[in-house]
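K.L.:
Next comes the structure file work29.txt, holding compact mmCIF, N, CA and C atoms.
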```
# COMPACT_ATOMS: atom_id res chain seq x y z
N MET A 63 9.65 -27.66 -86.29
CA MET A 63 10.17 -26.31 -86.13
C MET A 63 11.52 -26.39 -85.42
N SER A 64 12.51 -25.77 -86.00
CA SER A 64 13.86 -25.82 -85.43
C SER A 64 13.99 -24.86 -84.26
N TYR A 65 15.02 -25.08 -83.45
CA TYR A 65 15.28 -24.21 -82.30
C TYR A 65 15.56 -22.79 -82.77
N ALA A 66 16.27 -22.65 -83.90
CA ALA A 66 16.59 -21.32 -84.42
C ALA A 66 15.34 -20.55 -84.80
N ALA A 67 14.30 -21.25 -85.23
CA ALA A 67 13.05 -20.58 -85.60
C ALA A 67 12.36 -20.01 -84.37
N ARG A 68 12.61 -20.56 -83.20
CA ARG A 68 12.00 -20.06 -81.97
C ARG A 68 12.87 -19.03 -81.26
N CYS A 69 14.13 -18.91 -81.64
CA CYS A 69 15.04 -17.97 -81.01
C CYS A 69 14.72 -16.56 -81.48
N PRO A 70 14.63 -15.59 -80.56
CA PRO A 70 14.27 -14.22 -80.94
C PRO A 70 15.42 -13.43 -81.58
N ASN A 71 16.63 -13.96 -81.59
CA ASN A 71 17.77 -13.23 -82.14
C ASN A 71 17.64 -13.12 -83.65
N MET A 72 17.79 -11.91 -84.17
CA MET A 72 17.60 -11.64 -85.59
C MET A 72 18.74 -12.14 -86.48
N ASN A 73 19.87 -12.53 -85.92
CA ASN A 73 20.98 -13.02 -86.73
C ASN A 73 20.64 -14.31 -87.46
N HIS A 74 19.68 -15.08 -86.96
CA HIS A 74 19.31 -16.34 -87.61
C HIS A 74 18.75 -16.09 -89.01
N GLY A 75 18.12 -14.96 -89.25
CA GLY A 75 17.53 -14.67 -90.54
C GLY A 75 18.46 -13.98 -91.53
N ARG A 76 19.65 -13.62 -91.08
CA ARG A 76 20.60 -12.91 -91.96
C ARG A 76 21.39 -13.90 -92.80
N THR A 77 21.63 -13.52 -94.06
CA THR A 77 22.39 -14.41 -94.94
C THR A 77 23.89 -14.36 -94.64
N ASN A 78 24.39 -13.24 -94.13
CA ASN A 78 25.80 -13.11 -93.80
C ASN A 78 25.93 -12.47 -92.42
N ALA A 79 25.59 -13.22 -91.40
CA ALA A 79 25.62 -12.70 -90.02
C ALA A 79 27.06 -12.39 -89.60
N PRO A 80 27.27 -11.30 -88.85
CA PRO A 80 28.62 -10.92 -88.43
C PRO A 80 29.15 -11.73 -87.25
N VAL A 81 28.32 -12.59 -86.67
CA VAL A 81 28.74 -13.38 -85.51
C VAL A 81 28.75 -14.86 -85.87
N LYS A 82 29.65 -15.60 -85.22
CA LYS A 82 29.76 -17.03 -85.48
C LYS A 82 28.68 -17.82 -84.75
N PHE A 83 28.43 -17.47 -83.50
CA PHE A 83 27.44 -18.15 -82.68
C PHE A 83 26.34 -17.18 -82.27
N CYS A 84 25.15 -17.69 -82.07
CA CYS A 84 24.04 -16.86 -81.61
C CYS A 84 24.27 -16.51 -80.14
N PRO A 85 24.21 -15.23 -79.76
CA PRO A 85 24.41 -14.86 -78.37
C PRO A 85 23.22 -15.20 -77.47
N SER A 86 22.11 -15.60 -78.07
CA SER A 86 20.92 -15.95 -77.28
C SER A 86 20.80 -17.46 -77.05
N CYS A 87 21.03 -18.26 -78.11
CA CYS A 87 20.84 -19.71 -77.97
C CYS A 87 22.12 -20.52 -78.11
N GLY A 88 23.20 -19.91 -78.65
CA GLY A 88 24.50 -20.57 -78.71
C GLY A 88 24.76 -21.47 -79.90
N ILE A 89 23.81 -21.60 -80.84
CA ILE A 89 24.07 -22.46 -81.99
C ILE A 89 24.84 -21.70 -83.06
N VAL A 90 25.52 -22.44 -83.95
CA VAL A 90 26.34 -21.83 -85.00
C VAL A 90 25.43 -21.14 -86.01
N ILE A 91 25.76 -19.88 -86.32
CA ILE A 91 25.02 -19.11 -87.31
C ILE A 91 25.85 -18.94 -88.58
N ASN A 92 27.11 -18.56 -88.43
CA ASN A 92 27.98 -18.29 -89.57
C ASN A 92 29.35 -18.91 -89.29
N LYS A 93 29.64 -20.01 -89.93
CA LYS A 93 30.91 -20.71 -89.70
C LYS A 93 32.12 -19.90 -90.17
N MET A 94 31.91 -18.96 -91.07
CA MET A 94 33.00 -18.19 -91.64
C MET A 94 33.35 -16.93 -90.83
N ALA A 95 32.53 -16.54 -89.89
CA ALA A 95 32.77 -15.31 -89.13
C ALA A 95 34.04 -15.45 -88.29
N GLN A 96 34.79 -14.36 -88.21
CA GLN A 96 36.02 -14.33 -87.44
C GLN A 96 35.80 -13.58 -86.13
N GLY A 97 36.55 -13.93 -85.15
CA GLY A 97 36.47 -13.24 -83.87
C GLY A 97 37.42 -13.87 -82.88
N SER A 98 37.73 -13.14 -81.86
CA SER A 98 38.57 -13.69 -80.80
C SER A 98 37.94 -13.32 -79.47
N CYS A 99 38.12 -14.18 -78.51
CA CYS A 99 37.53 -13.89 -77.21
C CYS A 99 38.54 -14.22 -76.10
N ASN A 100 38.27 -13.68 -74.96
CA ASN A 100 39.07 -13.94 -73.77
C ASN A 100 38.18 -13.67 -72.55
N GLN A 101 38.72 -13.82 -71.37
CA GLN A 101 37.92 -13.65 -70.16
C GLN A 101 37.38 -12.22 -70.00
N ASN A 102 38.16 -11.24 -70.42
CA ASN A 102 37.69 -9.85 -70.34
C ASN A 102 36.51 -9.61 -71.26
N LYS A 103 36.59 -10.15 -72.47
CA LYS A 103 35.48 -9.99 -73.40
C LYS A 103 34.25 -10.72 -72.88
N HIS A 104 34.43 -11.90 -72.31
CA HIS A 104 33.31 -12.64 -71.73
C HIS A 104 32.66 -11.83 -70.61
N ALA A 105 33.45 -11.16 -69.80
CA ALA A 105 32.91 -10.32 -68.72
C ALA A 105 32.08 -9.18 -69.29
N ASP A 106 32.56 -8.56 -70.37
CA ASP A 106 31.81 -7.48 -71.01
C ASP A 106 30.49 -8.00 -71.60
N LEU A 107 30.52 -9.18 -72.19
CA LEU A 107 29.30 -9.75 -72.76
C LEU A 107 28.29 -10.10 -71.66
N ARG A 108 28.78 -10.54 -70.49
CA ARG A 108 27.88 -10.80 -69.36
C ARG A 108 27.18 -9.52 -68.92
N LYS A 109 27.92 -8.40 -68.93
CA LYS A 109 27.32 -7.11 -68.56
C LYS A 109 26.21 -6.72 -69.54
N GLN A 110 26.35 -7.17 -70.80
CA GLN A 110 25.33 -6.91 -71.80
C GLN A 110 24.16 -7.90 -71.70
N ARG A 111 24.25 -8.81 -70.73
CA ARG A 111 23.22 -9.81 -70.45
C ARG A 111 23.04 -10.83 -71.58
N LEU A 112 24.14 -11.15 -72.27
CA LEU A 112 24.10 -12.19 -73.29
C LEU A 112 24.29 -13.54 -72.63
N SER A 113 23.72 -14.58 -73.21
CA SER A 113 23.81 -15.92 -72.64
C SER A 113 25.02 -16.70 -73.15
N PHE A 114 25.46 -16.40 -74.39
CA PHE A 114 26.57 -17.12 -75.00
C PHE A 114 27.52 -16.15 -75.68
N CYS A 115 28.79 -16.51 -75.75
CA CYS A 115 29.78 -15.71 -76.47
C CYS A 115 29.52 -15.87 -77.97
N HIS A 116 29.47 -14.77 -78.71
CA HIS A 116 29.20 -14.86 -80.14
C HIS A 116 30.43 -15.25 -80.95
N ASP A 117 31.60 -15.35 -80.32
CA ASP A 117 32.82 -15.78 -81.02
C ASP A 117 33.14 -17.26 -80.79
N CYS A 118 32.99 -17.74 -79.56
CA CYS A 118 33.36 -19.13 -79.27
C CYS A 118 32.17 -20.03 -78.91
N GLY A 119 31.02 -19.44 -78.61
CA GLY A 119 29.83 -20.22 -78.28
C GLY A 119 29.74 -20.66 -76.83
N LYS A 120 30.72 -20.28 -76.01
CA LYS A 120 30.75 -20.68 -74.60
C LYS A 120 29.60 -20.03 -73.83
N SER A 121 28.99 -20.79 -72.94
CA SER A 121 27.93 -20.26 -72.09
C SER A 121 28.52 -19.24 -71.13
N LEU A 122 27.88 -18.10 -71.00
CA LEU A 122 28.37 -17.03 -70.14
C LEU A 122 27.67 -17.00 -68.79
N LYS A 123 26.79 -17.95 -68.55
CA LYS A 123 26.07 -17.99 -67.29
C LYS A 123 26.99 -18.40 -66.16
N ILE A 124 26.91 -17.70 -65.07
CA ILE A 124 27.70 -18.03 -63.89
C ILE A 124 26.87 -18.96 -63.02
N LEU A 125 27.44 -20.11 -62.73
CA LEU A 125 26.70 -21.11 -61.93
C LEU A 125 26.82 -20.88 -60.48
```
How does this structure look as structure tokens?
P.N.:
Amino acid sequence: MSYAARCPNMNHGRTNAPVKFCPSCGIVINKMAQGSCNQNKHADLRKQRLSFCHDCGKSLKIL
């Protein structure tokens, strides 16, 4: 069983997901998806309690 099969994020089951990386587990979902990120966007995603940026795959956890 793959990690994506255990991830609760529904983007793994979509054929054309709008995000490049899974915001829950950080693995690549759609290599063709476009997006841009910066520190402000990362701060907003942290407020949404996401673990990874869906554009760049960077971990959003503060150590």
K.L.:
Could you pull out all residues of chain A with a DSSP call of strand (DSSP E or B) and give them as a ChimeraX atom specification?
P.N.:
/A:83,90,114,121
K.L.:
So which residues fall inside 8 Å of (38.2, -18.0, -84.3) if we count only C-alpha atoms? Mind giving them as a list in words?
P.N.:
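The residues that fall inside the cut-off are Ala95, Gln96, Gly97, Ser98, Asp117 and Cys118 of chain A.
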K.L.:
Rounded to one decimal place, report the CA of Lys93 in chain A-CA of Cys69 in chain A distance in Å.
P.N.:
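CA of Cys69 in chain A lies at a distance of 18.3 Å from CA of Lys93 in chain A.
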K.L.:
To one decimal in Å, tell me the separation between atom N of Gln101 in chain A and atom C of Gly75 in chain A.
P.N.:
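A separation of 28.6 Å between them.
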K.L.:
Set the distance at 10 Å and use only C-alpha atoms: which residues neighbour range 104-106 of chain A once local chain neighbours fewer than 3 positions away are removed? I'd like the list as a list in words.
P.N.:
Cys99, Asn100, Gln101, Lys109, Gln110, Arg111, Leu112, Phe114, Cys115, His116, Asp117, Cys118, Lys120, Ser121 and Leu122 of chain A
K.L.:
For N, CA and C atoms, I'd like the residues from the last selection saved as a short mmCIF file (atom, residue, chain, number, x, y, z; two decimals), keeping the file's coordinate frame.
P.N.:
```cif
data_model
loop_
_atom_site.label_atom_id
_atom_site.label_comp_id
_atom_site.auth_asym_id
_atom_site.auth_seq_id
_atom_site.Cartn_x
_atom_site.Cartn_y
_atom_site.Cartn_z
N CYS A 99 38.12 -14.18 -78.51
CA CYS A 99 37.53 -13.89 -77.21
C CYS A 99 38.54 -14.22 -76.10
N ASN A 100 38.27 -13.68 -74.96
CA ASN A 100 39.07 -13.94 -73.77
C ASN A 100 38.18 -13.67 -72.55
N GLN A 101 38.72 -13.82 -71.37
CA GLN A 101 37.92 -13.65 -70.16
C GLN A 101 37.38 -12.22 -70.00
N LYS A 109 27.92 -8.40 -68.93
CA LYS A 109 27.32 -7.11 -68.56
C LYS A 109 26.21 -6.72 -69.54
N GLN A 110 26.35 -7.17 -70.80
CA GLN A 110 25.33 -6.91 -71.80
C GLN A 110 24.16 -7.90 -71.70
N ARG A 111 24.25 -8.81 -70.73
CA ARG A 111 23.22 -9.81 -70.45
C ARG A 111 23.04 -10.83 -71.58
N LEU A 112 24.14 -11.15 -72.27
CA LEU A 112 24.10 -12.19 -73.29
C LEU A 112 24.29 -13.54 -72.63
N PHE A 114 25.46 -16.40 -74.39
CA PHE A 114 26.57 -17.12 -75.00
C PHE A 114 27.52 -16.15 -75.68
N CYS A 115 28.79 -16.51 -75.75
CA CYS A 115 29.78 -15.71 -76.47
C CYS A 115 29.52 -15.87 -77.97
N HIS A 116 29.47 -14.77 -78.71
CA HIS A 116 29.20 -14.86 -80.14
C HIS A 116 30.43 -15.25 -80.95
N ASP A 117 31.60 -15.35 -80.32
CA ASP A 117 32.82 -15.78 -81.02
C ASP A 117 33.14 -17.26 -80.79
N CYS A 118 32.99 -17.74 -79.56
CA CYS A 118 33.36 -19.13 -79.27
C CYS A 118 32.17 -20.03 -78.91
N LYS A 120 30.72 -20.28 -76.01
CA LYS A 120 30.75 -20.68 -74.60
C LYS A 120 29.60 -20.03 -73.83
N SER A 121 28.99 -20.79 -72.94
CA SER A 121 27.93 -20.26 -72.09
C SER A 121 28.52 -19.24 -71.13
N LEU A 122 27.88 -18.10 -71.00
CA LEU A 122 28.37 -17.03 -70.14
C LEU A 122 27.67 -17.00 -68.79
#
```
K.L.:
Would you compute the distance between CA of Arg76 in chain A and atom N of Ser113 in chain A? Give it in Å to one decimal.
P.N.:
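Rounded to one decimal, the two atoms are 19.1 Å apart.
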K.L.:
Report as JSON the centre and the edge lengths, in Å to one decimal, of the axis-aligned box holding every listed atom of range 83-96 of chain A, padded by 5 Å on each side.
P.N.:
```
{"center_x": 28.4, "center_y": -18.0, "center_z": -84.3, "size_x": 25.2, "size_y": 18.9, "size_z": 24.6}
```
K.L.:
Apply DSSP to the backbone of this structure and, from chain A, keep only the residues in helix (DSSP H, G or I); write these as a PyMOL selection string.
P.N.:
chain A and resi 65-68+72-75+101-109
K.L.:
Hey, can you pull every residue with an atom no more than 10 Å from (31.7, -16.7, -93.4), using only C-alpha atoms, and send it as a count of residues only?
P.N.:
12
